[in-house]
Amino acid sequence: MPISARRVETFGTTIFTEINVLAQQYHALNLGQGKPDFDTPSDIVAELVKASQAGNYNQYAPGPGTPDLRQAVAHHAARFYDLDIDPDRGVIVTAGATEGLLSCVLGLVDPGDEVIVIEPFYDSYVPNIIMAGAVPVFVPLHPPTWTFDPDELRAAFSNKTRAIILNSPHNPTGRVFTREELTLLAELCIEHDVIVISDEVYEHLTLGDASYLSIATLPGMFERTVTVSSAGKSFSATGWKIGWVYGHPDILDGVARAHQFITFAVHHPTQQAVAYALNQPDSYYRAFKEMYEDKVELLMSSLEGSGLQYSRPQGTYFIMADFSHVFDGMPFDFTRYLISEIGVACIPPESMYSKEHRHIGKNYVRFSFCKSDEALRQARIPLQKLRLKA
Ligand SMILES: Cc1ncc(COP(=O)(O)O)c(C=O)c1O
């Protein structure tokens with residue numbers, strides 16, 4: 001008797017679980033999963049405690065989210081992107097961006113529709129598309145600059161294309177897409193009447209002078225974009241799993257219909273704490289960016305001289321590194337070697353590619369720098385062994 005349904009038959013264990021188990025087994029320094037090893041700011045945690053004890057927030061929250069959080073999301077979109085969001089009909093609060101993305105796909109995409117996915121991709125996109133009965137169509141980013149070929153992007157659009165999932169700043173490559181790249185993408189979406197599901201969870205994580213542009217702000221795009229984000233990255237609170245989707249009320253209607261039968265409502269007190277967090281002054285967001293600018297320097301100086309080739313990311317807390325000068329094999333083999341022989345864990349990108357494009361990322365692995373300064377410094381000594389052993 002078959003145990004699982006056909007729609008989930010191809011889904012394996014996520015790579016993060018697999019790597020965490022290996023890292024623990026070998027006591028490796030874990031620069032794999034994008035999970036901070038430091039805590040959420042204490043004033044934000046204090047708001048969660050306060051909300052839990054207030055006596056008003058321990059029963060079901062309103063399905064679309066608390067009025068305070070919906071208002072804070074709308075205010076944040078106006079403050080940073082000059083977008084006019086209706087807090088009542090234009091925001092849905094979800095269980096992390098992960099549920100936000102699933103609600104967008106289930107609520108907006110029909111079986112048989114095509115959904116364009118840029119590779120390498122965050123690992124939930126393709127299972128979401130498959131669960132909706134739709135068909136993923138892949139457009140690769142090409143190393144070492146991680147840019148898409150405009151002709152390959154154009155060729156991916158057809159009369160069956162319903163949506164494209166865009167992620168900028170981009171996990172795992174650290175790219176922040178330029179105005180020119182987003183303008184081409186927007187033009188194609190308008191020409192083919194396609195929706196953008198814009199995953200912006202790293203919106204506050206641009207590095208150096210990279211400037212972040214939200215695709216919903218481009219001409220003609222607001223009506224066809226649903227923007228997904230979450231508190232996980234911006235407030236170092238990945239365990240809270242509070243996310244949101246915002247956009248024009250007409251396009252959000254489908255998302256709301258799906259959301260009400262996935263989770264109905266999400267954790268009530270945490271929504272109040274996230275409303276507080278989103279309203280942090282500019283000094284918070286500036287210090288957050290500066291913290292990661294320091295951390296990227298620390299990781300780069302630990303990688304320097306190791307024989308791994310990398311370039312400075314424009315955003316996110318990830319670096320993609322080319323290991324082909326120090327190891328002969330596939331990324332998963334290199335990751336195993338790095339964990340067991342060198343003592344550092346990273347993430348191999350095989351599961352972030354379709355089979356047909358897996359060769360494009362065959363020399364790369366992803367390192368995270370959302371780790372303590374000490375851990376990032378400590379990585380230097382083991383990583384230097386790489387070149388010596390090669
Ligand atoms: C690109 C991207 N999208 C979505 C998510 C999931 O976000 P959340 O933890 O809010 O569900 C992540 C988490 O790593 C991510 O990197």
# chains A, B, ... in the order shown; residues from 1 in each chain; ligands from 1

call {"tool": "residues_around", "arguments": {"residues": "range 2-13 of chain A", "least_positions_apart": "2", "cutoff": "7 Å", "atoms": "only C-alpha atoms", "output": "JSON, numbers by chain"}}
result
{"A": [15, 17, 130, 131]}

call {"tool": "write_last_selection", "arguments": {"atoms": "all heavy atoms", "output": "PDB file, in the first residue's frame"}}
result
ATOM      1  N   ILE A  15      17.485  19.727   3.081  1.00  0.00           N
ATOM      2  CA  ILE A  15      18.941  19.637   3.205  1.00  0.00           C
ATOM      3  C   ILE A  15      19.408  20.183   4.553  1.00  0.00           C
ATOM      4  O   ILE A  15      20.398  19.720   5.116  1.00  0.00           O
ATOM      5  CB  ILE A  15      19.617  20.374   2.019  1.00  0.00           C
ATOM      6  CG1 ILE A  15      21.108  20.074   1.966  1.00  0.00           C
ATOM      7  CG2 ILE A  15      19.391  21.872   2.067  1.00  0.00           C
ATOM      8  CD1 ILE A  15      21.436  18.685   1.583  1.00  0.00           C
ATOM      9  N   THR A  17      18.053  19.883   7.535  1.00  0.00           N
ATOM     10  CA  THR A  17      17.991  18.850   8.562  1.00  0.00           C
ATOM     11  C   THR A  17      19.185  17.919   8.406  1.00  0.00           C
ATOM     12  O   THR A  17      19.882  17.596   9.377  1.00  0.00           O
ATOM     13  CB  THR A  17      16.662  18.058   8.421  1.00  0.00           C
ATOM     14  OG1 THR A  17      15.605  19.008   8.355  1.00  0.00           O
ATOM     15  CG2 THR A  17      16.447  17.100   9.561  1.00  0.00           C
ATOM     16  N   ILE A 130       4.263  22.332  -6.912  1.00  0.00           N
ATOM     17  CA  ILE A 130       3.790  20.957  -7.164  1.00  0.00           C
ATOM     18  C   ILE A 130       2.509  20.688  -6.377  1.00  0.00           C
ATOM     19  O   ILE A 130       1.556  20.107  -6.894  1.00  0.00           O
ATOM     20  CB  ILE A 130       4.908  19.939  -6.827  1.00  0.00           C
ATOM     21  CG1 ILE A 130       6.030  20.094  -7.868  1.00  0.00           C
ATOM     22  CG2 ILE A 130       4.381  18.511  -6.788  1.00  0.00           C
ATOM     23  CD1 ILE A 130       7.289  19.340  -7.543  1.00  0.00           C
ATOM     24  N   MET A 131       2.435  21.151  -5.124  1.00  0.00           N
ATOM     25  CA  MET A 131       1.214  20.923  -4.328  1.00  0.00           C
ATOM     26  C   MET A 131       0.014  21.639  -4.939  1.00  0.00           C
ATOM     27  O   MET A 131      -1.122  21.238  -4.729  1.00  0.00           O
ATOM     28  CB  MET A 131       1.437  21.334  -2.869  1.00  0.00           C
ATOM     29  CG  MET A 131       2.323  20.334  -2.126  1.00  0.00           C
ATOM     30  SD  MET A 131       2.338  20.568  -0.341  1.00  0.00           S
ATOM     31  CE  MET A 131       3.473  21.918  -0.153  1.00  0.00           C
TER      32      MET A 131
END

call {"tool": "residues_near_ligand", "arguments": {"ligand": "ligand 1", "cutoff": "8 Å", "atoms": "only C-alpha atoms and all ligand atoms", "output": "ChimeraX atom specification"}}
result
/A:33-35,95-101,121-122,124,167-168,170-172,199-202,229-233,238-239,241-243

call {"tool": "residues_around", "arguments": {"residues": "Pro67 in chain A", "least_positions_apart": "2", "cutoff": "10 Å", "atoms": "only C-alpha atoms", "output": "number ranges by chain"}}
result
A: 61-62, 64-65, 69-73, 87-88, 91, 271-272, 275

call {"tool": "closest_atom_pairs", "arguments": {"of": "range 241-308 of chain A", "to": "range 361-375 of chain A", "cutoff": "9 Å", "atoms": "only C-alpha atoms", "output": "Markdown table"}}
result
| residue | atom | partner | partner_atom | distance |
| --- | --- | --- | --- | --- |
| A:Tyr292 | CA | A:Cys370 | CA | 7.5 |
| A:Asp294 | CA | A:Asp373 | CA | 8.5 |
| A:Lys295 | CA | A:Phe369 | CA | 6.1 |
| A:Val296 | CA | A:Phe369 | CA | 6.3 |
| A:Leu298 | CA | A:Asp373 | CA | 7.1 |
| A:Leu299 | CA | A:Phe369 | CA | 6.4 |

call {"tool": "atom_distance", "arguments": {"atom1": "CA of His325 in chain A", "atom2": "CA of Pro348 in chain A"}}
result
16.3 Å

call {"tool": "closest_residue", "arguments": {"among": "A:Ala265, A:Ala77, A:Ile347, A:Leu184", "to": "Pro219 in chain A", "atoms": "only C-alpha atoms"}}
result
A:Leu184

call {"tool": "atom_distance", "arguments": {"atom1": "CA of Val45 in chain A", "atom2": "CA of Ala273 in chain A"}}
result
7.2 Å

call {"tool": "select_by_dssp", "arguments": {"residues": "range 257-311 of chain A", "states": "helix (DSSP H, G or I)", "output": "JSON, numbers by chain"}}
result
{"A": [257, 258, 259, 260, 268, 269, 270, 271, 272, 273, 274, 275, 276, 277, 278, 282, 283, 284, 285, 286, 287, 288, 289, 290, 291, 292, 293, 294, 295, 296, 297, 298, 299, 300, 301, 302, 303]}

call {"tool": "closest_residue", "arguments": {"among": "A:Thr183, A:Ser214, A:Thr66, A:Thr270", "to": "Leu48 in chain A", "atoms": "only C-alpha atoms"}}
result
A:Thr270

call {"tool": "closest_residue", "arguments": {"among": "A:Leu108, A:Ala78, A:Ile116, A:Ala51", "to": "Ala256 in chain A", "atoms": "only C-alpha atoms"}}
result
A:Leu108

call {"tool": "closest_residue", "arguments": {"among": "A:Pro249, A:Gly254, A:Gly343, A:Gly174", "to": "Pro313 in chain A", "atoms": "only C-alpha atoms"}}
result
A:Gly174

call {"tool": "closest_residue", "arguments": {"among": "A:Asp68, A:Asp253, A:Glu114, A:Glu341", "to": "Ser158 in chain A", "atoms": "only C-alpha atoms"}}
result
A:Glu114
